[in-house]
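Q: Input data.pdb, format and content: PDB, C-alpha atoms and all ligand atoms.
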```pdb
ATOM      1  CA  MET L  17      17.171  19.354 -44.267  1.00  0.00           C
ATOM      2  CA  LYS L  18      19.455  20.762 -41.613  1.00  0.00           C
ATOM      3  CA  LYS L  19      16.459  22.314 -39.897  1.00  0.00           C
ATOM      4  CA  LEU L  20      14.699  18.958 -39.837  1.00  0.00           C
ATOM      5  CA  LEU L  21      17.722  17.342 -38.300  1.00  0.00           C
ATOM      6  CA  VAL L  22      17.859  19.969 -35.578  1.00  0.00           C
ATOM      7  CA  ILE L  23      14.157  19.531 -34.845  1.00  0.00           C
ATOM      8  CA  SER L  24      14.404  15.763 -34.677  1.00  0.00           C
ATOM      9  CA  LEU L  25      17.436  16.074 -32.422  1.00  0.00           C
ATOM     10  CA  ILE L  26      15.484  18.317 -30.077  1.00  0.00           C
ATOM     11  CA  VAL L  27      12.544  15.928 -30.013  1.00  0.00           C
ATOM     12  CA  THR L  28      14.472  12.691 -29.580  1.00  0.00           C
ATOM     13  CA  VAL L  29      17.400  13.808 -27.452  1.00  0.00           C
ATOM     14  CA  LEU L  30      16.505  16.986 -25.608  1.00  0.00           C
ATOM     15  CA  PHE L  31      12.843  16.441 -24.728  1.00  0.00           C
ATOM     16  CA  PRO L  32      13.414  13.232 -22.786  1.00  0.00           C
ATOM     17  CA  LEU L  33      16.301  14.956 -21.014  1.00  0.00           C
ATOM     18  CA  ILE L  34      14.104  17.901 -20.106  1.00  0.00           C
ATOM     19  CA  ALA L  35      11.335  15.564 -18.956  1.00  0.00           C
ATOM     20  CA  ALA L  36      13.768  13.591 -16.801  1.00  0.00           C
ATOM     21  CA  ALA L  37      15.280  16.770 -15.404  1.00  0.00           C
ATOM     22  CA  ALA L  38      11.801  17.950 -14.417  1.00  0.00           C
ATOM     23  CA  ALA L  39      11.488  15.016 -12.035  1.00  0.00           C
ATOM     24  CA  PRO L  40      13.311  15.947  -8.841  1.00  0.00           C
ATOM     25  CA  ALA L  41      15.249  13.378  -6.834  1.00  0.00           C
ATOM     26  CA  LEU L  42      13.130  11.441  -4.382  1.00  0.00           C
ATOM     27  CA  PRO L  43      13.267  13.141  -0.973  1.00  0.00           C
ATOM     28  CA  LYS L  44      15.838  11.587   1.342  1.00  0.00           C
ATOM     29  CA  GLY L  45      14.381   9.738   4.291  1.00  0.00           C
ATOM     30  CA  TYR L  46      10.767   9.693   3.078  1.00  0.00           C
ATOM     31  CA  THR L  47      10.310   6.224   4.544  1.00  0.00           C
ATOM     32  CA  GLY L  48      10.537   7.921   7.940  1.00  0.00           C
ATOM     33  CA  TRP L  49       7.430  10.023   7.178  1.00  0.00           C
ATOM     34  CA  LYS L  50       3.910   9.145   8.291  1.00  0.00           C
ATOM     35  CA  LYS L  51       3.171   5.801   6.643  1.00  0.00           C
ATOM     36  CA  SER L  52      -0.195   4.521   5.481  1.00  0.00           C
ATOM     37  CA  GLU L  53      -1.548   1.129   6.325  1.00  0.00           C
ATOM     38  CA  ARG L  54      -0.280  -1.669   4.120  1.00  0.00           C
ATOM     39  CA  LYS L  55      -2.406  -1.725   1.000  1.00  0.00           C
ATOM     40  CA  LEU L  56      -2.775  -5.064  -0.753  1.00  0.00           C
ATOM     41  CA  VAL L  57      -4.414  -5.302  -4.187  1.00  0.00           C
ATOM     42  CA  THR L  58      -4.892  -8.928  -5.269  1.00  0.00           C
ATOM     43  CA  ASP L  59      -6.933  -8.189  -8.393  1.00  0.00           C
ATOM     44  CA  LYS L  60      -4.537  -9.067 -11.201  1.00  0.00           C
ATOM     45  CA  SER L  61      -6.396  -6.899 -13.694  1.00  0.00           C
ATOM     46  CA  SER L  62      -5.669  -3.812 -11.576  1.00  0.00           C
ATOM     47  CA  LEU L  63      -2.825  -1.484 -12.399  1.00  0.00           C
ATOM     48  CA  PHE L  64      -2.079  -1.517  -8.678  1.00  0.00           C
ATOM     49  CA  TYR L  65      -1.807  -5.297  -8.335  1.00  0.00           C
ATOM     50  CA  GLY L  66       0.656  -5.759  -5.507  1.00  0.00           C
ATOM     51  CA  ILE L  67       1.392  -4.059  -2.219  1.00  0.00           C
ATOM     52  CA  HIS L  68       1.883  -0.378  -1.611  1.00  0.00           C
ATOM     53  CA  TYR L  69       2.557   2.054   1.189  1.00  0.00           C
ATOM     54  CA  ILE L  70       1.884   5.797   1.044  1.00  0.00           C
ATOM     55  CA  TYR L  71       4.214   8.221   2.855  1.00  0.00           C
ATOM     56  CA  ALA L  72       3.103  11.782   3.661  1.00  0.00           C
ATOM     57  CA  ASP L  73       5.273  14.636   4.925  1.00  0.00           C
ATOM     58  CA  LYS L  74       4.045  17.070   7.611  1.00  0.00           C
ATOM     59  CA  LYS L  75       2.482  19.498   5.139  1.00  0.00           C
ATOM     60  CA  ALA L  76       0.705  16.718   3.277  1.00  0.00           C
ATOM     61  CA  LEU L  77      -0.679  15.449   6.587  1.00  0.00           C
ATOM     62  CA  GLN L  78      -2.266  18.860   7.166  1.00  0.00           C
ATOM     63  CA  GLY L  79      -3.833  18.491   3.723  1.00  0.00           C
ATOM     64  CA  TYR L  80      -5.131  14.993   4.461  1.00  0.00           C
ATOM     65  CA  LYS L  81      -6.754  16.376   7.628  1.00  0.00           C
ATOM     66  CA  THR L  82      -8.612  19.106   5.717  1.00  0.00           C
ATOM     67  CA  GLY L  83      -9.349  16.599   2.940  1.00  0.00           C
ATOM     68  CA  SER L  84      -9.486  19.149   0.177  1.00  0.00           C
ATOM     69  CA  LYS L  85      -6.604  21.626   0.356  1.00  0.00           C
ATOM     70  CA  PHE L  86      -2.940  20.694   0.475  1.00  0.00           C
ATOM     71  CA  PRO L  87      -0.372  23.434   1.337  1.00  0.00           C
ATOM     72  CA  GLU L  88       2.339  24.366  -1.193  1.00  0.00           C
ATOM     73  CA  GLY L  89       5.265  21.960  -0.820  1.00  0.00           C
ATOM     74  CA  SER L  90       3.158  19.012   0.448  1.00  0.00           C
ATOM     75  CA  THR L  91       4.868  15.814  -0.679  1.00  0.00           C
ATOM     76  CA  ILE L  92       3.432  12.307  -0.946  1.00  0.00           C
ATOM     77  CA  VAL L  93       5.448   9.253  -2.042  1.00  0.00           C
ATOM     78  CA  VAL L  94       4.153   5.734  -2.763  1.00  0.00           C
ATOM     79  CA  ASP L  95       6.367   2.629  -2.756  1.00  0.00           C
ATOM     80  CA  TYR L  96       5.018  -0.325  -4.771  1.00  0.00           C
ATOM     81  CA  PHE L  97       6.053  -3.949  -4.237  1.00  0.00           C
ATOM     82  CA  ASN L  98       5.319  -7.207  -6.009  1.00  0.00           C
ATOM     83  CA  ILE L  99       3.529  -9.920  -4.079  1.00  0.00           C
ATOM     84  CA  LYS L 100       5.900 -12.719  -3.100  1.00  0.00           C
ATOM     85  CA  ALA L 101       4.967 -15.900  -4.967  1.00  0.00           C
ATOM     86  CA  GLY L 102       2.913 -18.339  -2.902  1.00  0.00           C
ATOM     87  CA  SER L 103       2.181 -15.874  -0.113  1.00  0.00           C
ATOM     88  CA  GLU L 104       0.892 -12.383   0.456  1.00  0.00           C
ATOM     89  CA  ALA L 105       4.230 -11.069   1.736  1.00  0.00           C
ATOM     90  CA  ASP L 106       6.033  -8.096   0.189  1.00  0.00           C
ATOM     91  CA  GLY L 107       8.137  -9.094  -2.805  1.00  0.00           C
ATOM     92  CA  PRO L 108      10.711  -6.826  -4.457  1.00  0.00           C
ATOM     93  CA  LYS L 109       9.947  -3.143  -4.944  1.00  0.00           C
ATOM     94  CA  ASN L 110       8.823  -2.396  -8.503  1.00  0.00           C
ATOM     95  CA  MET L 111       8.102   1.330  -8.679  1.00  0.00           C
ATOM     96  CA  VAL L 112       7.828   4.607  -6.797  1.00  0.00           C
ATOM     97  CA  VAL L 113       5.590   7.594  -7.505  1.00  0.00           C
ATOM     98  CA  MET L 114       5.602  11.061  -6.037  1.00  0.00           C
ATOM     99  CA  MET L 115       3.307  14.090  -5.948  1.00  0.00           C
ATOM    100  CA  ARG L 116       4.555  17.460  -4.691  1.00  0.00           C
ATOM    101  CA  LYS L 117       2.361  20.556  -4.468  1.00  0.00           C
ATOM    102  CA  ASP L 118       4.090  23.066  -6.707  1.00  0.00           C
ATOM    103  CA  LYS L 119       1.929  25.775  -8.204  1.00  0.00           C
ATOM    104  CA  ARG L 120       4.114  26.056 -11.315  1.00  0.00           C
ATOM    105  CA  ASN L 121       2.543  22.806 -12.580  1.00  0.00           C
ATOM    106  CA  LYS L 122      -0.609  24.420 -13.912  1.00  0.00           C
ATOM    107  CA  GLU L 123      -1.500  21.598 -16.306  1.00  0.00           C
ATOM    108  CA  THR L 124      -1.692  19.063 -13.498  1.00  0.00           C
ATOM    109  CA  GLY L 125      -3.703  20.853 -10.855  1.00  0.00           C
ATOM    110  CA  GLY L 126      -0.730  22.568  -9.186  1.00  0.00           C
ATOM    111  CA  TRP L 127       0.925  19.230  -8.391  1.00  0.00           C
ATOM    112  CA  LEU L 128       4.188  17.909  -9.757  1.00  0.00           C
ATOM    113  CA  PHE L 129       3.677  14.218 -10.629  1.00  0.00           C
ATOM    114  CA  ALA L 130       6.755  12.012 -11.073  1.00  0.00           C
ATOM    115  CA  GLY L 131       7.386   8.286 -11.545  1.00  0.00           C
ATOM    116  CA  TYR L 132      10.550   6.375 -10.587  1.00  0.00           C
ATOM    117  CA  GLY L 133      11.929   2.895 -11.039  1.00  0.00           C
ATOM    118  CA  ALA L 134      12.643   0.606  -8.098  1.00  0.00           C
ATOM    119  CA  ASP L 135      16.158   2.097  -8.054  1.00  0.00           C
ATOM    120  CA  GLY L 136      14.698   5.577  -7.411  1.00  0.00           C
ATOM    121  CA  LYS L 137      15.730   6.926 -10.821  1.00  0.00           C
ATOM    122  CA  PRO L 138      13.108   8.983 -12.711  1.00  0.00           C
ATOM    123  CA  SER L 139      11.294   6.813 -15.241  1.00  0.00           C
ATOM    124  CA  GLY L 140      10.449   9.815 -17.441  1.00  0.00           C
ATOM    125  CA  LEU L 141       6.680   9.185 -17.490  1.00  0.00           C
ATOM    126  CA  ASP L 142       4.718  12.125 -18.798  1.00  0.00           C
ATOM    127  CA  PRO L 143       2.720  13.613 -15.901  1.00  0.00           C
ATOM    128  CA  VAL L 144      -0.087  14.971 -18.054  1.00  0.00           C
ATOM    129  CA  SER L 145      -0.812  11.908 -20.171  1.00  0.00           C
ATOM    130  CA  THR L 146       0.241   9.222 -17.672  1.00  0.00           C
ATOM    131  CA  CYS L 147      -0.771  10.503 -14.274  1.00  0.00           C
ATOM    132  CA  PHE L 148      -3.218  13.338 -14.074  1.00  0.00           C
ATOM    133  CA  GLY L 149      -6.272  11.766 -15.743  1.00  0.00           C
ATOM    134  CA  CYS L 150      -7.023   9.295 -12.939  1.00  0.00           C
ATOM    135  CA  HIS L 151      -6.300  11.775 -10.191  1.00  0.00           C
ATOM    136  CA  GLN L 152      -8.562  14.354 -11.771  1.00  0.00           C
ATOM    137  CA  LYS L 153     -11.360  11.836 -12.273  1.00  0.00           C
ATOM    138  CA  ASP L 154     -11.175  10.206  -8.832  1.00  0.00           C
ATOM    139  CA  ALA L 155     -10.276  13.203  -6.682  1.00  0.00           C
ATOM    140  CA  GLY L 156     -11.142  16.374  -8.574  1.00  0.00           C
ATOM    141  CA  GLN L 157     -12.916  17.655  -5.450  1.00  0.00           C
ATOM    142  CA  ARG L 158     -10.146  16.572  -3.053  1.00  0.00           C
ATOM    143  CA  ASP L 159      -7.206  18.524  -4.491  1.00  0.00           C
ATOM    144  CA  PHE L 160      -6.404  15.514  -6.748  1.00  0.00           C
ATOM    145  CA  VAL L 161      -5.313  13.307  -3.836  1.00  0.00           C
ATOM    146  CA  ILE L 162      -7.117   9.961  -4.039  1.00  0.00           C
ATOM    147  CA  SER L 163      -6.144   8.360  -0.725  1.00  0.00           C
ATOM    148  CA  THR L 164      -7.743   9.864   2.382  1.00  0.00           C
ATOM    149  CA  VAL L 165      -6.921  10.498   6.004  1.00  0.00           C
ATOM    150  CA  LYS L 166      -8.460   7.078   6.774  1.00  0.00           C
ATOM    151  CA  ASP L 167      -5.480   5.428   5.073  1.00  0.00           C
ATOM    152  CA  PHE L 168      -3.235   6.729   7.857  1.00  0.00           C
ATOM    153  CA  LYS L 169      -3.370   5.868  11.513  1.00  0.00           C
ATOM    154  CA  LEU L 170      -3.538   9.440  12.813  1.00  0.00           C
TER     155      LEU L 170
HETATM  156  C1  LIG L 201      -5.161   4.232 -13.270  1.00  0.00           C
HETATM  157  C2  LIG L 201      -5.304   5.432 -12.464  1.00  0.00           C
HETATM  158  C3  LIG L 201      -4.027   6.109 -11.940  1.00  0.00           C
HETATM  159  C4  LIG L 201      -2.954   6.539 -12.666  1.00  0.00           C
HETATM  160  C5  LIG L 201      -2.720   6.446 -14.158  1.00  0.00           C
HETATM  161  C6  LIG L 201      -2.035   7.133 -11.692  1.00  0.00           C
HETATM  162  N1  LIG L 201      -2.546   7.069 -10.438  1.00  0.00           N
HETATM  163 FE1  LIG L 201      -1.681   7.763  -8.743  1.00  0.00          FE
HETATM  164  N2  LIG L 201      -3.155   6.890  -7.636  1.00  0.00           N
HETATM  165  C7  LIG L 201      -4.256   6.241  -8.154  1.00  0.00           C
HETATM  166  C8  LIG L 201      -5.063   5.708  -7.059  1.00  0.00           C
HETATM  167  C9  LIG L 201      -6.367   4.913  -7.185  1.00  0.00           C
HETATM  168  C10 LIG L 201      -4.400   6.081  -5.855  1.00  0.00           C
HETATM  169  C11 LIG L 201      -4.830   5.779  -4.424  1.00  0.00           C
HETATM  170  C12 LIG L 201      -4.127   4.560  -3.882  1.00  0.00           C
HETATM  171  C13 LIG L 201      -4.617   4.218  -2.503  1.00  0.00           C
HETATM  172  O1  LIG L 201      -5.576   4.800  -1.988  1.00  0.00           O
HETATM  173  O2  LIG L 201      -4.029   3.317  -1.920  1.00  0.00           O
HETATM  174  C14 LIG L 201      -3.213   6.843  -6.277  1.00  0.00           C
HETATM  175  C15 LIG L 201      -2.329   7.423  -5.391  1.00  0.00           C
HETATM  176  C16 LIG L 201      -1.233   8.169  -5.747  1.00  0.00           C
HETATM  177  C17 LIG L 201      -0.379   8.888  -4.822  1.00  0.00           C
HETATM  178  C18 LIG L 201      -0.632   9.036  -3.328  1.00  0.00           C
HETATM  179  C19 LIG L 201      -1.522  10.263  -3.106  1.00  0.00           C
HETATM  180  C20 LIG L 201      -2.953  10.020  -3.575  1.00  0.00           C
HETATM  181  O3  LIG L 201      -3.400  10.683  -4.538  1.00  0.00           O
HETATM  182  O4  LIG L 201      -3.623   9.162  -2.981  1.00  0.00           O
HETATM  183  C21 LIG L 201       0.616   9.447  -5.559  1.00  0.00           C
HETATM  184  C22 LIG L 201       1.777  10.268  -5.032  1.00  0.00           C
HETATM  185  C23 LIG L 201       0.385   9.098  -6.953  1.00  0.00           C
HETATM  186  N3  LIG L 201      -0.753   8.317  -7.040  1.00  0.00           N
HETATM  187  C24 LIG L 201       1.190   9.502  -8.009  1.00  0.00           C
HETATM  188  C25 LIG L 201       0.957   9.132  -9.326  1.00  0.00           C
HETATM  189  C26 LIG L 201       1.888   9.429 -10.409  1.00  0.00           C
HETATM  190  C27 LIG L 201       3.197  10.181 -10.275  1.00  0.00           C
HETATM  191  C28 LIG L 201       1.345   8.891 -11.535  1.00  0.00           C
HETATM  192  C29 LIG L 201       1.941   8.866 -12.941  1.00  0.00           C
HETATM  193  C30 LIG L 201       3.250   8.268 -13.063  1.00  0.00           C
HETATM  194  C31 LIG L 201       0.064   8.279 -11.150  1.00  0.00           C
HETATM  195  N4  LIG L 201      -0.124   8.452  -9.813  1.00  0.00           N
HETATM  196  C32 LIG L 201      -0.811   7.671 -12.051  1.00  0.00           C
HETATM  197  C33 LIG L 201      -4.598   6.141  -9.482  1.00  0.00           C
HETATM  198  C34 LIG L 201      -3.763   6.443 -10.530  1.00  0.00           C
END
```
Can I see the file as structure tokens?
Ligand code: HEC
A:
Amino acid sequence: MKKLLVISLIVTVLFPLIAAAAAPALPKGYTGWKKSERKLVTDKSSLFYGIHYIYADKKALQGYKTGSKFPEGSTIVVDYFNIKAGSEADGPKNMVVMMRKDKRNKETGGWLFAGYGADGKPSGLDPVSTCFGCHQKDAGQRDFVISTVKDFKL
């Protein structure tokens, strides 16, 4: 009985803590990095309904230029916004996602995947079950990065 209690404690209390701890803080000043064009998705059935901007640091930009190999440490952040009612202007921010090339993340192609709320706090999404599937399917040959150099005005 005691054993069971310990196990359930680990599963319900510690695992989410570990998962949250695995998501690093969002990098300071990422909105000053190279910014993609504004991307508007008006299809309401899409998971990406809304407006988003992709930010790439210097290493990630090198990766975008080669198209298939991102150097260790490359970091890409995406800010998502709602669409303001009655217009196509940016509404409030609703989520942030990040990918950082970190070879320790073997299960997810050598990338750390992390999701955040609008407040920048980790949302504790599981990278393997929530993130990697799409990236593997859409960009398995492009180092799991779906957007391309064309999304940036380089
Ligand atoms: C339903 C499929 C899908 C899921 C699930 C998904 N993504 Fe993506 N992701 C995309 C697509 C499509 C793009 C490209 C968007 C664009 O080109 O504007 C993208 C782009 C990105 C980018 C910018 C770099 C790139 O690959 O273009 C990051 C960072 C990112 N996603 C992180 C995440 C994280 C973290 C999760 C899990 C919390 C996640 N994604 C889950 C489909 C998905």
Q: Please give me, as a PyMOL selection string, the residues lying within 8 Å of ligand LIG 201 (chain L) when counting only C-alpha atoms and all ligand atoms.
A: chain L and resi 55+63-64+68-71+91-94+113-116+128-132+141-143+146-151+154-155+160-164+167
Q: To one decimal place in Å, what is the distance between atom CA of L:Lys75 and atom CA of L:Lys117?
A: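 According to the coordinates, atom CA of L:Lys75 and atom CA of L:Lys117 are separated by 9.7 Å.
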Q: What is the distance, in Å and to one decimal place, between atom CA of L:Val165 and atom CA of L:Trp49?
A: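 According to the coordinates, atom CA of L:Val165 and atom CA of L:Trp49 are separated by 14.4 Å.
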Q: Pick from L:Ser84, L:Ser90, L:Ser139, L:Ser61: nearest to L:Asn110, with only C-alpha atoms counted?
A: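 Of L:Ser84, L:Ser90, L:Ser139, L:Ser61, the one nearest L:Asn110, counting only C-alpha atoms, is L:Ser139.
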Q: What is the atom CA of L:Arg120-atom CA of L:Thr47 distance in Å, reported with one decimal?
A: 26.1 Å
Q: Please write the residues picked by the PyMOL selection byres (((chain L and resi 109) around 12) and not hetatm) on this file as a PyMOL selection string.
A: chain L and resi 66-69+94-100+105-108+110-113+132-136
